[in-house]
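Working notes, structure below.
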Amino acid sequence: MLFFLDSADIKEIEELLAFGIVDGITTNPSLFAAIGGDFYKIAKDICSAVDGPVSLEASSTDYNNMLQEGEKILGIADNAVLKLPMTWPGIKACKYFSDKGHRVNMTLCFSAAQALVAAKAGATYVSPFIGRIDDTGHDGLNLIEDINEIYMNYPELNTKILAASIRNIYHLHQVCKIGTSIATIPAKIMKQLLDHPLTDIGVKKFSEDWKKSGLKI
Ligand code: G3P
């Protein structure tokens with residue numbers, strides 16, 4: 001199970017990389033917009049900071065511009081992964097880049113049919129958005145289950161499910177039970193992974209007992 005960090009903030013990325021549990025990074029145009037600055041420079045810095053794959057999304061919506069932008073994004077670094085939207089131009093561009101041996105992450109996936117088309121087009125990753133489905137009053141985790149079941153039926157499809165729009169620890173817990181290959185997690189949720197009051201109480205008690213005993217390290 002791989003953990004990707006969903007962030008375009010280099011400070012946040014470096015802070016969490018230091019714990020050794022981040023296997024890759026995902027970004028999107030909204031995350032970059034929140035940071036501001038030069039997209040290509042920041043993207044390069046992120047790619048240099050991380051050993052694993054870094055998904056960088058094309059902002060173009062038409063095929064020809066996606067190809068131009070895609071070439072630039074993939075040229076940033078060897079670990080750059082091109083993120084494309086789940087549209088027909090996106091699928092066509094996915095096929096184009098996948099056939100050339102590049103890794104493509106098909107994003108904004110909201111149905112099993114979309115995930116199937118992405119796999120047929122050679123996507124390395126498909127990103128179903130759990131939280132955004134929940135926001136519409138449906139269960140985003142059902143989609144992860146459906147895609148996982150369909151992909152398991154066809155072992156020749158090599159696309160990995162990259163569970164995205166994870167909004168809480170329960171989402172992460174459930175996608176791990178379903179068995180997705182990767183979850184991309186926002187920093188706020190990743191930092192909550194160790195939260196447990198009994199751990200805090202235990203650490204405090206052990207520390208107090210040690211101090212009282214007069215024992216030395
Ligand atoms: O990077 C895509 C994704 O994880 C979006 O999450 O919370 O904006 O729906 P969210």
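Following the order of the structure tokens, chains are lettered A, B, ..., residues in each are numbered from 1, and ligands are numbered from 1.
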
Could you report the residues within 12 Å of ligand 1, using only C-alpha atoms and all ligand atoms, as a PDB file with N, CA and C atoms, in the first residue's frame?
ATOM      1  N   PHE A   4       0.537   8.468  -0.991  1.00  0.00           N
ATOM      2  CA  PHE A   4       0.980   9.684  -1.665  1.00  0.00           C
ATOM      3  C   PHE A   4       0.468  10.866  -0.846  1.00  0.00           C
ATOM      4  N   LEU A   5       1.207  11.968  -0.904  1.00  0.00           N
ATOM      5  CA  LEU A   5       0.762  13.185  -0.231  1.00  0.00           C
ATOM      6  C   LEU A   5       0.129  14.104  -1.270  1.00  0.00           C
ATOM      7  N   ASP A   6      -1.078  14.580  -0.977  1.00  0.00           N
ATOM      8  CA  ASP A   6      -1.814  15.436  -1.911  1.00  0.00           C
ATOM      9  C   ASP A   6      -1.498  16.891  -1.555  1.00  0.00           C
ATOM     10  N   SER A   7      -0.466  17.434  -2.165  1.00  0.00           N
ATOM     11  CA  SER A   7      -0.019  18.775  -1.785  1.00  0.00           C
ATOM     12  C   SER A   7       0.907  19.363  -2.849  1.00  0.00           C
ATOM     13  N   ALA A   8       0.860  20.707  -2.972  1.00  0.00           N
ATOM     14  CA  ALA A   8       1.811  21.393  -3.854  1.00  0.00           C
ATOM     15  C   ALA A   8       2.682  22.339  -3.029  1.00  0.00           C
ATOM     16  N   ILE A  25       3.781  12.005  -4.632  1.00  0.00           N
ATOM     17  CA  ILE A  25       3.024  13.254  -4.446  1.00  0.00           C
ATOM     18  C   ILE A  25       1.971  13.359  -5.537  1.00  0.00           C
ATOM     19  N   THR A  26       0.803  13.889  -5.173  1.00  0.00           N
ATOM     20  CA  THR A  26      -0.169  14.289  -6.198  1.00  0.00           C
ATOM     21  C   THR A  26      -0.463  15.762  -6.006  1.00  0.00           C
ATOM     22  N   THR A  27      -0.704  16.428  -7.118  1.00  0.00           N
ATOM     23  CA  THR A  27      -1.047  17.850  -7.060  1.00  0.00           C
ATOM     24  C   THR A  27      -2.243  18.060  -7.984  1.00  0.00           C
ATOM     25  N   ASN A  28      -2.827  19.234  -7.909  1.00  0.00           N
ATOM     26  CA  ASN A  28      -3.854  19.608  -8.887  1.00  0.00           C
ATOM     27  C   ASN A  28      -3.806  21.123  -9.059  1.00  0.00           C
ATOM     28  N   PRO A  29      -4.472  21.671 -10.074  1.00  0.00           N
ATOM     29  CA  PRO A  29      -4.383  23.111 -10.313  1.00  0.00           C
ATOM     30  C   PRO A  29      -4.855  23.950  -9.117  1.00  0.00           C
ATOM     31  N   SER A  30      -5.853  23.457  -8.370  1.00  0.00           N
ATOM     32  CA  SER A  30      -6.337  24.226  -7.213  1.00  0.00           C
ATOM     33  C   SER A  30      -5.262  24.291  -6.126  1.00  0.00           C
ATOM     34  N   LEU A  31      -4.535  23.187  -5.925  1.00  0.00           N
ATOM     35  CA  LEU A  31      -3.466  23.193  -4.905  1.00  0.00           C
ATOM     36  C   LEU A  31      -2.356  24.164  -5.310  1.00  0.00           C
ATOM     37  N   PHE A  32      -2.019  24.195  -6.613  1.00  0.00           N
ATOM     38  CA  PHE A  32      -1.000  25.153  -7.082  1.00  0.00           C
ATOM     39  C   PHE A  32      -1.511  26.593  -6.967  1.00  0.00           C
ATOM     40  N   ALA A  34      -3.498  27.769  -4.807  1.00  0.00           N
ATOM     41  CA  ALA A  34      -3.464  28.195  -3.400  1.00  0.00           C
ATOM     42  C   ALA A  34      -2.062  28.632  -2.983  1.00  0.00           C
ATOM     43  N   VAL A  54       5.466  12.009  -9.045  1.00  0.00           N
ATOM     44  CA  VAL A  54       4.805  13.290  -8.733  1.00  0.00           C
ATOM     45  C   VAL A  54       3.795  13.575  -9.838  1.00  0.00           C
ATOM     46  N   SER A  55       2.524  13.529  -9.503  1.00  0.00           N
ATOM     47  CA  SER A  55       1.486  13.798 -10.505  1.00  0.00           C
ATOM     48  C   SER A  55       1.308  15.304 -10.673  1.00  0.00           C
ATOM     49  N   LEU A  56       1.449  15.755 -11.914  1.00  0.00           N
ATOM     50  CA  LEU A  56       1.324  17.178 -12.242  1.00  0.00           C
ATOM     51  C   LEU A  56       0.260  17.304 -13.331  1.00  0.00           C
ATOM     52  N   GLU A  57      -0.737  18.134 -13.066  1.00  0.00           N
ATOM     53  CA  GLU A  57      -1.926  18.138 -13.934  1.00  0.00           C
ATOM     54  C   GLU A  57      -1.841  19.186 -15.041  1.00  0.00           C
ATOM     55  N   LYS A  83      -0.924  14.241 -15.219  1.00  0.00           N
ATOM     56  CA  LYS A  83      -2.290  14.053 -14.736  1.00  0.00           C
ATOM     57  C   LYS A  83      -3.223  14.705 -15.741  1.00  0.00           C
ATOM     58  N   LEU A  84      -4.204  13.941 -16.196  1.00  0.00           N
ATOM     59  CA  LEU A  84      -5.124  14.446 -17.222  1.00  0.00           C
ATOM     60  C   LEU A  84      -6.559  14.237 -16.777  1.00  0.00           C
ATOM     61  N   PRO A  85      -7.464  15.138 -17.210  1.00  0.00           N
ATOM     62  CA  PRO A  85      -8.867  14.988 -16.795  1.00  0.00           C
ATOM     63  C   PRO A  85      -9.587  13.895 -17.576  1.00  0.00           C
ATOM     64  N   ASN A 105      -1.833   9.740 -15.042  1.00  0.00           N
ATOM     65  CA  ASN A 105      -2.811   9.600 -13.964  1.00  0.00           C
ATOM     66  C   ASN A 105      -4.115  10.243 -14.446  1.00  0.00           C
ATOM     67  N   MET A 106      -5.144   9.423 -14.673  1.00  0.00           N
ATOM     68  CA  MET A 106      -6.429   9.971 -15.135  1.00  0.00           C
ATOM     69  C   MET A 106      -7.244  10.390 -13.915  1.00  0.00           C
ATOM     70  N   THR A 107      -7.511  11.699 -13.836  1.00  0.00           N
ATOM     71  CA  THR A 107      -8.116  12.254 -12.634  1.00  0.00           C
ATOM     72  C   THR A 107      -9.581  12.645 -12.862  1.00  0.00           C
ATOM     73  N   LEU A 108     -10.222  13.061 -11.776  1.00  0.00           N
ATOM     74  CA  LEU A 108     -11.648  13.440 -11.805  1.00  0.00           C
ATOM     75  C   LEU A 108     -12.494  12.251 -12.262  1.00  0.00           C
ATOM     76  N   CYS A 109     -12.211  11.092 -11.675  1.00  0.00           N
ATOM     77  CA  CYS A 109     -12.961   9.875 -12.005  1.00  0.00           C
ATOM     78  C   CYS A 109     -14.141   9.736 -11.037  1.00  0.00           C
ATOM     79  N   PHE A 110     -15.325   9.664 -11.600  1.00  0.00           N
ATOM     80  CA  PHE A 110     -16.544   9.571 -10.788  1.00  0.00           C
ATOM     81  C   PHE A 110     -17.431   8.385 -11.166  1.00  0.00           C
ATOM     82  N   VAL A 126      -5.604   5.612 -11.995  1.00  0.00           N
ATOM     83  CA  VAL A 126      -6.896   6.276 -12.133  1.00  0.00           C
ATOM     84  C   VAL A 126      -7.239   6.829 -10.751  1.00  0.00           C
ATOM     85  N   SER A 127      -7.712   8.077 -10.724  1.00  0.00           N
ATOM     86  CA  SER A 127      -7.982   8.720  -9.433  1.00  0.00           C
ATOM     87  C   SER A 127      -9.472   8.957  -9.215  1.00  0.00           C
ATOM     88  N   PRO A 128     -10.164   8.014  -8.543  1.00  0.00           N
ATOM     89  CA  PRO A 128     -11.561   8.255  -8.182  1.00  0.00           C
ATOM     90  C   PRO A 128     -11.613   9.183  -6.957  1.00  0.00           C
ATOM     91  N   PHE A 129     -12.530  10.160  -6.984  1.00  0.00           N
ATOM     92  CA  PHE A 129     -12.612  11.186  -5.936  1.00  0.00           C
ATOM     93  C   PHE A 129     -13.687  10.810  -4.910  1.00  0.00           C
ATOM     94  N   ILE A 130     -13.278  10.214  -3.812  1.00  0.00           N
ATOM     95  CA  ILE A 130     -14.249   9.731  -2.811  1.00  0.00           C
ATOM     96  C   ILE A 130     -15.045  10.872  -2.174  1.00  0.00           C
ATOM     97  N   GLY A 131     -14.330  11.846  -1.603  1.00  0.00           N
ATOM     98  CA  GLY A 131     -14.996  12.921  -0.854  1.00  0.00           C
ATOM     99  C   GLY A 131     -15.981  13.708  -1.710  1.00  0.00           C
ATOM    100  N   ARG A 132     -15.610  13.949  -2.967  1.00  0.00           N
ATOM    101  CA  ARG A 132     -16.505  14.759  -3.808  1.00  0.00           C
ATOM    102  C   ARG A 132     -17.785  13.996  -4.145  1.00  0.00           C
ATOM    103  N   ILE A 133     -17.703  12.656  -4.180  1.00  0.00           N
ATOM    104  CA  ILE A 133     -18.938  11.869  -4.380  1.00  0.00           C
ATOM    105  C   ILE A 133     -19.773  11.936  -3.100  1.00  0.00           C
ATOM    106  N   ASP A 134     -19.112  11.790  -1.957  1.00  0.00           N
ATOM    107  CA  ASP A 134     -19.833  11.907  -0.675  1.00  0.00           C
ATOM    108  C   ASP A 134     -20.560  13.255  -0.600  1.00  0.00           C
ATOM    109  N   ASP A 135     -19.900  14.306  -1.115  1.00  0.00           N
ATOM    110  CA  ASP A 135     -20.505  15.649  -1.070  1.00  0.00           C
ATOM    111  C   ASP A 135     -21.840  15.709  -1.810  1.00  0.00           C
ATOM    112  N   THR A 136     -22.034  14.789  -2.780  1.00  0.00           N
ATOM    113  CA  THR A 136     -23.287  14.818  -3.546  1.00  0.00           C
ATOM    114  C   THR A 136     -24.365  13.953  -2.892  1.00  0.00           C
ATOM    115  N   GLY A 140     -18.863   7.541  -1.881  1.00  0.00           N
ATOM    116  CA  GLY A 140     -17.676   7.468  -2.734  1.00  0.00           C
ATOM    117  C   GLY A 140     -16.929   6.153  -2.612  1.00  0.00           C
ATOM    118  N   LEU A 162      -5.793   4.911  -7.559  1.00  0.00           N
ATOM    119  CA  LEU A 162      -5.160   5.896  -6.687  1.00  0.00           C
ATOM    120  C   LEU A 162      -6.335   6.622  -6.006  1.00  0.00           C
ATOM    121  N   ALA A 163      -6.712   6.139  -4.837  1.00  0.00           N
ATOM    122  CA  ALA A 163      -7.885   6.706  -4.160  1.00  0.00           C
ATOM    123  C   ALA A 163      -7.606   8.162  -3.780  1.00  0.00           C
ATOM    124  N   ALA A 164      -8.459   9.066  -4.266  1.00  0.00           N
ATOM    125  CA  ALA A 164      -8.227  10.508  -4.063  1.00  0.00           C
ATOM    126  C   ALA A 164      -9.437  11.154  -3.386  1.00  0.00           C
ATOM    127  N   SER A 165      -9.265  12.434  -3.084  1.00  0.00           N
ATOM    128  CA  SER A 165     -10.294  13.189  -2.361  1.00  0.00           C
ATOM    129  C   SER A 165     -10.633  12.471  -1.057  1.00  0.00           C
ATOM    130  N   ILE A 166      -9.572  12.082  -0.357  1.00  0.00           N
ATOM    131  CA  ILE A 166      -9.715  11.437   0.952  1.00  0.00           C
ATOM    132  C   ILE A 166      -9.856  12.538   1.987  1.00  0.00           C
ATOM    133  N   ARG A 167     -10.956  12.502   2.704  1.00  0.00           N
ATOM    134  CA  ARG A 167     -11.260  13.617   3.619  1.00  0.00           C
ATOM    135  C   ARG A 167     -11.116  13.249   5.099  1.00  0.00           C
ATOM    136  N   ASN A 168     -10.965  11.966   5.382  1.00  0.00           N
ATOM    137  CA  ASN A 168     -10.859  11.562   6.792  1.00  0.00           C
ATOM    138  C   ASN A 168     -10.179  10.196   6.903  1.00  0.00           C
ATOM    139  N   HIS A 171     -12.072   7.132   5.462  1.00  0.00           N
ATOM    140  CA  HIS A 171     -11.882   6.891   4.022  1.00  0.00           C
ATOM    141  C   HIS A 171     -10.622   6.050   3.796  1.00  0.00           C
ATOM    142  N   LEU A 172      -9.544   6.433   4.468  1.00  0.00           N
ATOM    143  CA  LEU A 172      -8.268   5.737   4.262  1.00  0.00           C
ATOM    144  C   LEU A 172      -8.365   4.278   4.728  1.00  0.00           C
ATOM    145  N   ILE A 182      -2.979   2.514  -3.935  1.00  0.00           N
ATOM    146  CA  ILE A 182      -2.445   3.809  -3.481  1.00  0.00           C
ATOM    147  C   ILE A 182      -3.580   4.682  -2.941  1.00  0.00           C
ATOM    148  N   ALA A 183      -3.243   5.462  -1.912  1.00  0.00           N
ATOM    149  CA  ALA A 183      -4.189   6.493  -1.458  1.00  0.00           C
ATOM    150  C   ALA A 183      -3.425   7.798  -1.430  1.00  0.00           C
ATOM    151  N   THR A 184      -4.023   8.862  -1.951  1.00  0.00           N
ATOM    152  CA  THR A 184      -3.370  10.159  -1.822  1.00  0.00           C
ATOM    153  C   THR A 184      -4.077  10.924  -0.722  1.00  0.00           C
ATOM    154  N   ILE A 185      -3.270  11.412   0.211  1.00  0.00           N
ATOM    155  CA  ILE A 185      -3.797  11.912   1.483  1.00  0.00           C
ATOM    156  C   ILE A 185      -3.365  13.367   1.688  1.00  0.00           C
ATOM    157  N   PRO A 186      -4.288  14.265   2.048  1.00  0.00           N
ATOM    158  CA  PRO A 186      -3.868  15.636   2.356  1.00  0.00           C
ATOM    159  C   PRO A 186      -3.043  15.664   3.648  1.00  0.00           C
ATOM    160  N   ALA A 187      -2.179  16.672   3.777  1.00  0.00           N
ATOM    161  CA  ALA A 187      -1.284  16.748   4.941  1.00  0.00           C
ATOM    162  C   ALA A 187      -2.059  16.711   6.257  1.00  0.00           C
ATOM    163  N   LYS A 188      -3.187  17.424   6.279  1.00  0.00           N
ATOM    164  CA  LYS A 188      -3.963  17.498   7.527  1.00  0.00           C
ATOM    165  C   LYS A 188      -4.385  16.085   7.990  1.00  0.00           C
ATOM    166  N   ILE A 189      -4.807  15.254   7.049  1.00  0.00           N
ATOM    167  CA  ILE A 189      -5.248  13.897   7.402  1.00  0.00           C
ATOM    168  C   ILE A 189      -4.036  13.017   7.734  1.00  0.00           C
TER     169      ILE A 189
END

Q: Step one, run DSSP on the backbone; step two, keep only residues of region 115-178 of chain A assigned to strand (DSSP E or B); then write them as an NGL selection string.
A: :A and (125-129 or 160-164)

Could you write those residues out with C-alpha atoms, as a PDB file, in the first residue's frame?
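Output below, filename result-v3.pdb:
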ATOM      1  CA  TYR A 125      -3.223   5.414 -12.384  1.00  0.00           C
ATOM      2  CA  VAL A 126      -6.896   6.276 -12.133  1.00  0.00           C
ATOM      3  CA  SER A 127      -7.982   8.720  -9.433  1.00  0.00           C
ATOM      4  CA  PRO A 128     -11.561   8.255  -8.182  1.00  0.00           C
ATOM      5  CA  PHE A 129     -12.612  11.186  -5.936  1.00  0.00           C
ATOM      6  CA  LYS A 160      -3.700   1.148 -10.409  1.00  0.00           C
ATOM      7  CA  ILE A 161      -6.437   2.715  -8.312  1.00  0.00           C
ATOM      8  CA  LEU A 162      -5.160   5.896  -6.687  1.00  0.00           C
ATOM      9  CA  ALA A 163      -7.885   6.706  -4.160  1.00  0.00           C
ATOM     10  CA  ALA A 164      -8.227  10.508  -4.063  1.00  0.00           C
TER      11      ALA A 164
END

**Q.** All alpha helix (DSSP H) positions in region 25-192 of chain A, as a ChimeraX atom specification
**A.** /A:29-35,39-49,63-74,88-99,112-120,130-135,140-153,169-178,187-191

Q. Contacts of Ala112 (chain A) at 10 Å or less, counting only C-alpha atoms, minus same-chain residues fewer than 6 places along, as a list in words?
A.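 Counting only the stated atoms, we get Ala118, Pro128, Asn142, Leu143, Ile144, Glu145, Asp146, Ile147, Asn148, Glu149, Ile150 and Tyr151 of chain A.
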
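Nearest to Leu67 (chain A) of all the residues A:Thr87, A:Glu14, A:Asn79, A:Lys92 is A:Lys92, counting only C-alpha atoms.
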
(Q) Report, in Å to a single decimal, how far apart CA of Leu157 (chain A) and CA of Leu116 (chain A) are. (A) 8.8 Å
